[in-house]
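Encoded as structure tokens, the structure appears first; notes follow it.
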Amino acid sequence: MLADIKSYVFLKKEELKKEVLKLEVKPHLLIIQVNDDVASNSYIKGKIKDCSEIGVICDLLKLDINISQSELLSIIDKYNKDNKIHGILVQMPLPKQINEDVIKQSIDPKKDVDGFNKLSKFKPCTPYGIIKYLEFINYEFKSKNAVIINRSNIVGKPLINLLLEKDCNVTVLHSKTTLEDMKYYLQHADLIVSAIGKPHILKGYNFKKDAVLIDVGISRIDGKLCGDFETNNDVKLQTPVPGGIGLITRLTLLENLLEAYRNEL
Ligand code: GUN
């Protein structure tokens, strides 16, 4: 079964749209892009489209790829102090001369709608969005064997805590996990969240018939977008790629922006 994420996202966006309609001053997101990455261009296009759909302002500031770290920091500082801007998002990846962690920590925690800053008022969009979606479909988390295949600061690590708070048994697998262990953990998993980013890499595994597969991976085969899992596994629920968790991440960004706006009032 494929999860009907599109209806969920549509419903939530309609709620946000109604809220924004009532606001005299509209929430304002600033996206800063310092790359010419194909994937980033496509993510940003999606974010701009979402903002326009719910009626919030979104500006894209595209900076020279050779900009220095200190120049970028002073631009961020300027917008941190600008009270017309409620949310700031610096699109990753950044060019080599810029330290991503320094930039993430430089965004005002009240405006860090990505949830990347250690002091951010917001949870990272992808993990938080996954939890809220699973809550929406009344997923029973308690005592479930959850396996996360990713250990990044923006997906895997925050998800560990969120799933522990839900009383799951949490296992984290990664690039150094042996194939044998991978097989073992995946066949006993009730909930698998994978964010590897290699096309259909999780093929040939046995999943439980009532497993829930959350596919965060996005890659391409012959130019066509695909996820980490093969499509149509015989499981209870599998999120599609495209049209799955990517939409959830974008929705959470909008929710965080509105929260940043409300907090500012
Ligand atoms: N690059 C890929 N995904 C993201 C995201 O969610 N936020 C930012 N800032 N950059 C990204």
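Naming scheme: A, B, ... for chains in displayed order of the structure tokens; residues 1 onward per chain; ligands 1 onward as shown.
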For this session: Show which residues sit within 6 Å of Ala211 (chain A), as a VMD selection string. Count only C-alpha atoms, and ignore same-chain residues fewer than 5 positions away.
Result: chain A and resid 190 to 191 235 to 236
Selected residues written out, all heavy atoms, as a short mmCIF file (atom, residue, chain, number, x, y, z; two decimals), in the first residue's frame:
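again.cif, freshly written:
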```cif
data_model
loop_
_atom_site.label_atom_id
_atom_site.label_comp_id
_atom_site.auth_asym_id
_atom_site.auth_seq_id
_atom_site.Cartn_x
_atom_site.Cartn_y
_atom_site.Cartn_z
N ASP A 190 9.84 -3.20 12.30
CA ASP A 190 8.44 -2.82 12.08
C ASP A 190 8.36 -1.52 11.30
O ASP A 190 7.43 -1.29 10.56
CB ASP A 190 7.74 -2.62 13.43
CG ASP A 190 7.77 -3.86 14.28
OD1 ASP A 190 7.31 -4.91 13.78
OD2 ASP A 190 8.28 -3.81 15.42
N LEU A 191 9.35 -0.65 11.55
CA LEU A 191 9.37 0.67 10.92
C LEU A 191 10.79 0.92 10.42
O LEU A 191 11.75 0.80 11.19
CB LEU A 191 8.98 1.72 11.97
CG LEU A 191 9.15 3.19 11.59
CD1 LEU A 191 8.20 3.57 10.46
CD2 LEU A 191 8.88 4.10 12.81
N VAL A 235 4.41 -4.84 1.85
CA VAL A 235 4.43 -4.37 3.24
C VAL A 235 3.13 -3.62 3.52
O VAL A 235 2.34 -3.38 2.60
CB VAL A 235 5.63 -3.44 3.51
CG1 VAL A 235 6.95 -4.18 3.46
CG2 VAL A 235 5.64 -2.24 2.56
N LYS A 236 2.97 -3.20 4.79
CA LYS A 236 1.72 -2.50 5.14
C LYS A 236 1.65 -1.12 4.50
O LYS A 236 0.62 -0.69 4.00
CB LYS A 236 1.66 -2.36 6.66
CG LYS A 236 0.39 -1.80 7.20
CD LYS A 236 0.37 -2.06 8.69
CE LYS A 236 -0.49 -1.07 9.44
NZ LYS A 236 -0.12 -1.04 10.85
#
```
For this session: Would you return as an MDAnalysis selection string the members of region 16-159 of chain A that DSSP assigns to alpha helix (DSSP H) on this structure's backbone?
Result: chainID A and resid 16:21 38:54 69:80 100:106 125:136 156:159
Could you make a table, as a tab-separated table, of the residues of chain A that have an atom within 7 Å of an atom of ligand 1, each with its nearest atom pair and distance in Å to one decimal, counting only C-alpha atoms and all ligand atoms, in chain and number order?
```
residue	atom	partner	partner_atom_place_in_ligand_line	distance
A:Ser40	CA	ligand 1	1 (N)	6.2
A:Leu89	CA	ligand 1	9 (N)	5.2
A:Val90	CA	ligand 1	9 (N)	4.7
A:Gln91	CA	ligand 1	9 (N)	3.7
A:Met92	CA	ligand 1	10 (N)	3.8
A:Pro93	CA	ligand 1	1 (N)	6.0
A:Asp114	CA	ligand 1	7 (N)	5.8
A:Cys125	CA	ligand 1	6 (O)	6.7
A:Thr249	CA	ligand 1	6 (O)	6.8
```
I need the residues from that last selection saved to file as a PDB file, in the first residue's frame (with C-alpha atoms), if you can.
```
ATOM      1  CA  SER A  40      19.064  22.403  -4.826  1.00  0.00           C
ATOM      2  CA  LEU A  89      17.035  29.108   5.127  1.00  0.00           C
ATOM      3  CA  VAL A  90      20.532  28.675   3.745  1.00  0.00           C
ATOM      4  CA  GLN A  91      20.319  25.971   1.106  1.00  0.00           C
ATOM      5  CA  MET A  92      22.868  23.176   1.507  1.00  0.00           C
ATOM      6  CA  PRO A  93      25.333  22.153   0.179  1.00  0.00           C
ATOM      7  CA  ASP A 114      15.241  24.412   8.988  1.00  0.00           C
ATOM      8  CA  CYS A 125      11.900  19.382   9.034  1.00  0.00           C
ATOM      9  CA  THR A 249       9.728  18.123   4.620  1.00  0.00           C
TER      10      THR A 249
END
```
Exercise. Counting only C-alpha atoms, what is within 8 Å of Val172 (chain A), bar same-chain residues fewer than 4 positions away, as a list in words?
Worked result: Val147, Ile148, Ile149, Asn150, Arg151, Gly156 and Ile160 of chain A
Output N, CA and C atoms for every residue in the selection just made, as an mmCIF file, in the first residue's frame.
```cif
data_model
loop_
_atom_site.group_PDB
_atom_site.id
_atom_site.type_symbol
_atom_site.label_atom_id
_atom_site.label_comp_id
_atom_site.auth_asym_id
_atom_site.auth_seq_id
_atom_site.Cartn_x
_atom_site.Cartn_y
_atom_site.Cartn_z
ATOM 1 N N VAL A 147 14.054 0.958 12.695
ATOM 2 C CA VAL A 147 15.422 0.957 12.167
ATOM 3 C C VAL A 147 15.610 2.210 11.318
ATOM 4 N N ILE A 148 16.644 2.967 11.647
ATOM 5 C CA ILE A 148 16.956 4.167 10.878
ATOM 6 C C ILE A 148 18.227 3.875 10.098
ATOM 7 N N ILE A 149 18.195 4.099 8.784
ATOM 8 C CA ILE A 149 19.440 3.901 8.010
ATOM 9 C C ILE A 149 19.937 5.288 7.621
ATOM 10 N N ASN A 150 20.653 5.902 8.488
ATOM 11 C CA ASN A 150 21.194 7.257 8.294
ATOM 12 C C ASN A 150 21.667 7.750 9.666
ATOM 13 N N ARG A 151 22.814 8.409 9.677
ATOM 14 C CA ARG A 151 23.282 8.944 10.972
ATOM 15 C C ARG A 151 23.651 10.428 10.870
ATOM 16 N N GLY A 156 19.031 11.319 10.671
ATOM 17 C CA GLY A 156 19.163 10.147 11.543
ATOM 18 C C GLY A 156 19.206 10.479 13.028
ATOM 19 N N ILE A 160 16.399 9.590 16.119
ATOM 20 C CA ILE A 160 16.630 8.651 17.237
ATOM 21 C C ILE A 160 15.830 9.129 18.448
#
```
Problem set entry | Within 10 Å of Phe207 (chain A) using only C-alpha atoms, minus same-chain residues under 4 positions, as a list of chain:residue names |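 Answer for this query is A:Lys183, A:Tyr185, A:Leu186, A:Gln187, A:His188, A:Ala189, A:Asp190, A:Leu191, A:Ile192, A:Ala211, A:Val212, A:Leu213, A:Asn233, A:Asp234, A:Val235.
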For this session: Do a neighbour search on Val155 (chain A) at 8 Å with only C-alpha atoms, toss out local chain neighbours closer than 6 positions, and write the hits as a PyMOL selection string.
Result: chain A and resi 124+126-127+195
Exercise. Near region 17-21 of chain A, within 12 Å and counting only C-alpha atoms, which residues show up once chain neighbours fewer than 5 positions away are dropped, as a PyMOL selection string?
Worked result: chain A and resi 9-12+26-28+50-57+251+254-255+257-259+261-262
Problem set entry | Spatial neighbours of Gly87 (chain A), max dist 6 Å, only C-alpha atoms, sep filter under 2 positions, as a list in words |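 Result of the neighbour search: Leu29, Ile85, Lys111, Val113 and Leu257 of chain A.
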Exercise. What gap, in Å, lies between CA of Asn99 (chain A) and CA of Asp37 (chain A)?
Worked result: 17.1 Å
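Remark: for Gly223 (chain A), the closest of the candidate residues A:Asp108, A:Pro199, A:Ile137, A:Gly204 is A:Pro199 (distances computed over only C-alpha atoms).
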Considering only C-alpha atoms, tabulate each residue of region 120-155 of chain A that lies at most 10 Å from region 162-165 of chain A along with its nearest interatomic pair and the corresponding distance in Å to one decimal; arrange the rows by chain and ascending residue number and present them as JSON lines.
```
{"residue": "A:Lys123", "atom": "CA", "partner": "A:Leu162", "partner_atom": "CA", "distance": 9.8}
{"residue": "A:Pro127", "atom": "CA", "partner": "A:Leu162", "partner_atom": "CA", "distance": 7.8}
{"residue": "A:Tyr128", "atom": "CA", "partner": "A:Leu162", "partner_atom": "CA", "distance": 7.6}
{"residue": "A:Ile130", "atom": "CA", "partner": "A:Leu162", "partner_atom": "CA", "distance": 9.8}
{"residue": "A:Ile131", "atom": "CA", "partner": "A:Leu162", "partner_atom": "CA", "distance": 7.4}
{"residue": "A:Phe141", "atom": "CA", "partner": "A:Leu163", "partner_atom": "CA", "distance": 7.8}
{"residue": "A:Lys142", "atom": "CA", "partner": "A:Leu163", "partner_atom": "CA", "distance": 9.2}
{"residue": "A:Ser143", "atom": "CA", "partner": "A:Leu164", "partner_atom": "CA", "distance": 9.7}
{"residue": "A:Lys144", "atom": "CA", "partner": "A:Leu163", "partner_atom": "CA", "distance": 9.5}
{"residue": "A:Asn145", "atom": "CA", "partner": "A:Leu163", "partner_atom": "CA", "distance": 9.9}
{"residue": "A:Ala146", "atom": "CA", "partner": "A:Leu163", "partner_atom": "CA", "distance": 7.7}
{"residue": "A:Val147", "atom": "CA", "partner": "A:Leu163", "partner_atom": "CA", "distance": 9.8}
{"residue": "A:Ile148", "atom": "CA", "partner": "A:Leu163", "partner_atom": "CA", "distance": 9.8}
```
Let me see the file: selected residues, all heavy atoms, as an mmCIF file, in the first residue's frame.
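Output contents, as saved in again_32.cif:
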```cif
data_model
loop_
_atom_site.group_PDB
_atom_site.id
_atom_site.type_symbol
_atom_site.label_atom_id
_atom_site.label_comp_id
_atom_site.auth_asym_id
_atom_site.auth_seq_id
_atom_site.Cartn_x
_atom_site.Cartn_y
_atom_site.Cartn_z
ATOM 1 N N LYS A 123 12.338 21.887 15.220
ATOM 2 C CA LYS A 123 12.938 20.567 15.002
ATOM 3 C C LYS A 123 13.222 20.441 13.516
ATOM 4 O O LYS A 123 12.483 20.974 12.698
ATOM 5 C CB LYS A 123 11.984 19.471 15.459
ATOM 6 C CG LYS A 123 11.698 19.517 16.950
ATOM 7 C CD LYS A 123 11.004 18.239 17.385
ATOM 8 C CE LYS A 123 10.752 18.217 18.869
ATOM 9 N NZ LYS A 123 9.490 18.880 19.248
ATOM 10 N N PRO A 127 12.813 14.785 9.934
ATOM 11 C CA PRO A 127 12.415 13.860 11.001
ATOM 12 C C PRO A 127 11.109 14.251 11.694
ATOM 13 O O PRO A 127 10.257 13.401 11.947
ATOM 14 C CB PRO A 127 13.576 13.918 12.000
ATOM 15 C CG PRO A 127 14.572 14.838 11.475
ATOM 16 C CD PRO A 127 14.129 15.378 10.160
ATOM 17 N N TYR A 128 10.943 15.535 11.952
ATOM 18 C CA TYR A 128 9.743 15.988 12.645
ATOM 19 C C TYR A 128 8.505 15.757 11.764
ATOM 20 O O TYR A 128 7.455 15.317 12.237
ATOM 21 C CB TYR A 128 9.909 17.473 12.991
ATOM 22 C CG TYR A 128 8.887 17.992 13.947
ATOM 23 C CD1 TYR A 128 8.565 17.295 15.107
ATOM 24 C CD2 TYR A 128 8.242 19.200 13.704
ATOM 25 C CE1 TYR A 128 7.616 17.788 15.989
ATOM 26 C CE2 TYR A 128 7.292 19.699 14.583
ATOM 27 C CZ TYR A 128 6.985 18.992 15.716
ATOM 28 O OH TYR A 128 6.047 19.473 16.588
ATOM 29 N N ILE A 130 8.146 13.454 9.516
ATOM 30 C CA ILE A 130 7.849 12.008 9.474
ATOM 31 C C ILE A 130 7.014 11.612 10.694
ATOM 32 O O ILE A 130 5.999 10.916 10.577
ATOM 33 C CB ILE A 130 9.164 11.174 9.433
ATOM 34 C CG1 ILE A 130 9.872 11.370 8.091
ATOM 35 C CG2 ILE A 130 8.895 9.698 9.703
ATOM 36 C CD1 ILE A 130 11.277 10.784 8.021
ATOM 37 N N ILE A 131 7.430 12.084 11.868
ATOM 38 C CA ILE A 131 6.702 11.734 13.101
ATOM 39 C C ILE A 131 5.259 12.260 13.027
ATOM 40 O O ILE A 131 4.305 11.536 13.327
ATOM 41 C CB ILE A 131 7.413 12.312 14.360
ATOM 42 C CG1 ILE A 131 8.820 11.727 14.493
ATOM 43 C CG2 ILE A 131 6.574 12.082 15.630
ATOM 44 C CD1 ILE A 131 8.901 10.260 14.835
ATOM 45 N N PHE A 141 3.293 3.579 17.744
ATOM 46 C CA PHE A 141 4.757 3.530 17.859
ATOM 47 C C PHE A 141 5.252 2.584 18.962
ATOM 48 O O PHE A 141 6.312 1.984 18.823
ATOM 49 C CB PHE A 141 5.294 4.924 18.223
ATOM 50 C CG PHE A 141 5.206 5.946 17.129
ATOM 51 C CD1 PHE A 141 4.097 6.773 16.998
ATOM 52 C CD2 PHE A 141 6.262 6.104 16.229
ATOM 53 C CE1 PHE A 141 4.032 7.736 16.002
ATOM 54 C CE2 PHE A 141 6.200 7.070 15.233
ATOM 55 C CZ PHE A 141 5.086 7.890 15.122
ATOM 56 N N LYS A 142 4.462 2.523 20.022
ATOM 57 C CA LYS A 142 4.934 1.883 21.257
ATOM 58 C C LYS A 142 5.477 0.457 21.045
ATOM 59 O O LYS A 142 4.796 -0.379 20.464
ATOM 60 C CB LYS A 142 3.780 1.850 22.265
ATOM 61 C CG LYS A 142 4.218 1.562 23.661
ATOM 62 C CD LYS A 142 3.075 1.811 24.605
ATOM 63 C CE LYS A 142 3.320 1.068 25.900
ATOM 64 N NZ LYS A 142 2.105 0.889 26.629
ATOM 65 N N SER A 143 6.696 0.231 21.519
ATOM 66 C CA SER A 143 7.377 -1.079 21.491
ATOM 67 C C SER A 143 7.728 -1.574 20.089
ATOM 68 O O SER A 143 8.104 -2.740 19.924
ATOM 69 C CB SER A 143 6.557 -2.152 22.209
ATOM 70 O OG SER A 143 6.207 -1.707 23.479
ATOM 71 N N LYS A 144 7.610 -0.727 19.068
ATOM 72 C CA LYS A 144 7.934 -1.156 17.700
ATOM 73 C C LYS A 144 9.448 -1.129 17.494
ATOM 74 O O LYS A 144 10.152 -0.299 18.076
ATOM 75 C CB LYS A 144 7.272 -0.243 16.666
ATOM 76 C CG LYS A 144 5.763 -0.352 16.646
ATOM 77 C CD LYS A 144 5.300 -1.609 15.942
ATOM 78 C CE LYS A 144 3.849 -1.928 16.192
ATOM 79 N NZ LYS A 144 2.929 -0.869 15.865
ATOM 80 N N ASN A 145 9.923 -2.061 16.667
ATOM 81 C CA ASN A 145 11.347 -2.068 16.303
ATOM 82 C C ASN A 145 11.556 -1.109 15.141
ATOM 83 O O ASN A 145 11.182 -1.394 14.010
ATOM 84 C CB ASN A 145 11.791 -3.473 15.870
ATOM 85 C CG ASN A 145 11.773 -4.439 17.032
ATOM 86 O OD1 ASN A 145 12.083 -4.067 18.169
ATOM 87 N ND2 ASN A 145 11.382 -5.676 16.774
ATOM 88 N N ALA A 146 12.125 0.044 15.454
ATOM 89 C CA ALA A 146 12.361 1.050 14.412
ATOM 90 C C ALA A 146 13.823 1.000 13.993
ATOM 91 O O ALA A 146 14.718 0.966 14.838
ATOM 92 C CB ALA A 146 12.022 2.437 14.953
ATOM 93 N N VAL A 147 14.054 0.958 12.695
ATOM 94 C CA VAL A 147 15.422 0.957 12.167
ATOM 95 C C VAL A 147 15.610 2.210 11.318
ATOM 96 O O VAL A 147 14.817 2.476 10.412
ATOM 97 C CB VAL A 147 15.689 -0.318 11.327
ATOM 98 C CG1 VAL A 147 17.021 -0.222 10.605
ATOM 99 C CG2 VAL A 147 15.672 -1.554 12.215
ATOM 100 N N ILE A 148 16.644 2.967 11.647
ATOM 101 C CA ILE A 148 16.956 4.167 10.878
ATOM 102 C C ILE A 148 18.227 3.875 10.098
ATOM 103 O O ILE A 148 19.228 3.445 10.685
ATOM 104 C CB ILE A 148 17.231 5.369 11.819
ATOM 105 C CG1 ILE A 148 16.052 5.601 12.770
ATOM 106 C CG2 ILE A 148 17.563 6.624 11.036
ATOM 107 C CD1 ILE A 148 16.394 6.543 13.930
#
```
Problem set entry | In region 74-253 of chain A, DSSP strand (DSSP E) residues written as a VMD selection string | chain A and resid 87 to 90 145 to 149 169 to 173 191 to 194 212 to 215 219 to 221 224 to 226 237 to 238
With C-alpha atoms retained, could you export that selection as a tab-separated table (two decimals), in the first residue's frame?
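Just written: result.tsv:
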```tsv
chain	number	residue	atom	x	y	z
A	87	GLY	CA	12.53	32.68	8.56
A	88	ILE	CA	15.98	32.22	7.01
A	89	LEU	CA	17.04	29.11	5.13
A	90	VAL	CA	20.53	28.67	3.75
A	145	ASN	CA	11.35	-2.07	16.30
A	146	ALA	CA	12.36	1.05	14.41
A	147	VAL	CA	15.42	0.96	12.17
A	148	ILE	CA	16.96	4.17	10.88
A	149	ILE	CA	19.44	3.90	8.01
A	169	ASN	CA	13.17	0.32	20.16
A	170	VAL	CA	15.61	2.21	17.95
A	171	THR	CA	18.48	0.80	15.90
A	172	VAL	CA	20.67	2.92	13.66
A	173	LEU	CA	22.42	1.38	10.65
A	191	LEU	CA	9.37	0.67	10.92
A	192	ILE	CA	12.27	1.46	8.58
A	193	VAL	CA	13.32	5.01	7.79
A	194	SER	CA	15.98	5.05	5.09
A	212	VAL	CA	6.14	0.50	7.39
A	213	LEU	CA	8.81	1.79	5.00
A	214	ILE	CA	9.61	5.49	5.05
A	215	ASP	CA	11.74	6.39	2.05
A	219	SER	CA	18.25	9.63	-6.44
A	220	ARG	CA	17.81	9.01	-10.13
A	221	ILE	CA	17.76	6.08	-12.53
A	224	LYS	CA	13.88	9.43	-13.25
A	225	LEU	CA	13.57	10.14	-9.52
A	226	CYS	CA	13.57	7.13	-7.24
A	237	LEU	CA	2.78	0.93	3.97
A	238	GLN	CA	5.56	2.42	1.84
```
Exercise. Restricting the calculation to only C-alpha atoms, which member of A:Ala39, A:Val102, A:Leu159, A:Ile67 is positioned closest to Ile218 (chain A)?
Worked result: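 Distance minimum relative to Ile218 (chain A) lands on A:Ala39.
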Exercise. Smallest atom-to-atom distance to Asp112 (chain A): which of A:His174, A:Asn66, A:Cys168, A:Leu30, using only C-alpha atoms?
Worked result: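 The shortest atom-to-atom distance to Asp112 (chain A) comes from A:Leu30.
What separates CA of Ile75 (chain A) from CA of Ile32 (chain A) is a distance of 9.5 Å.
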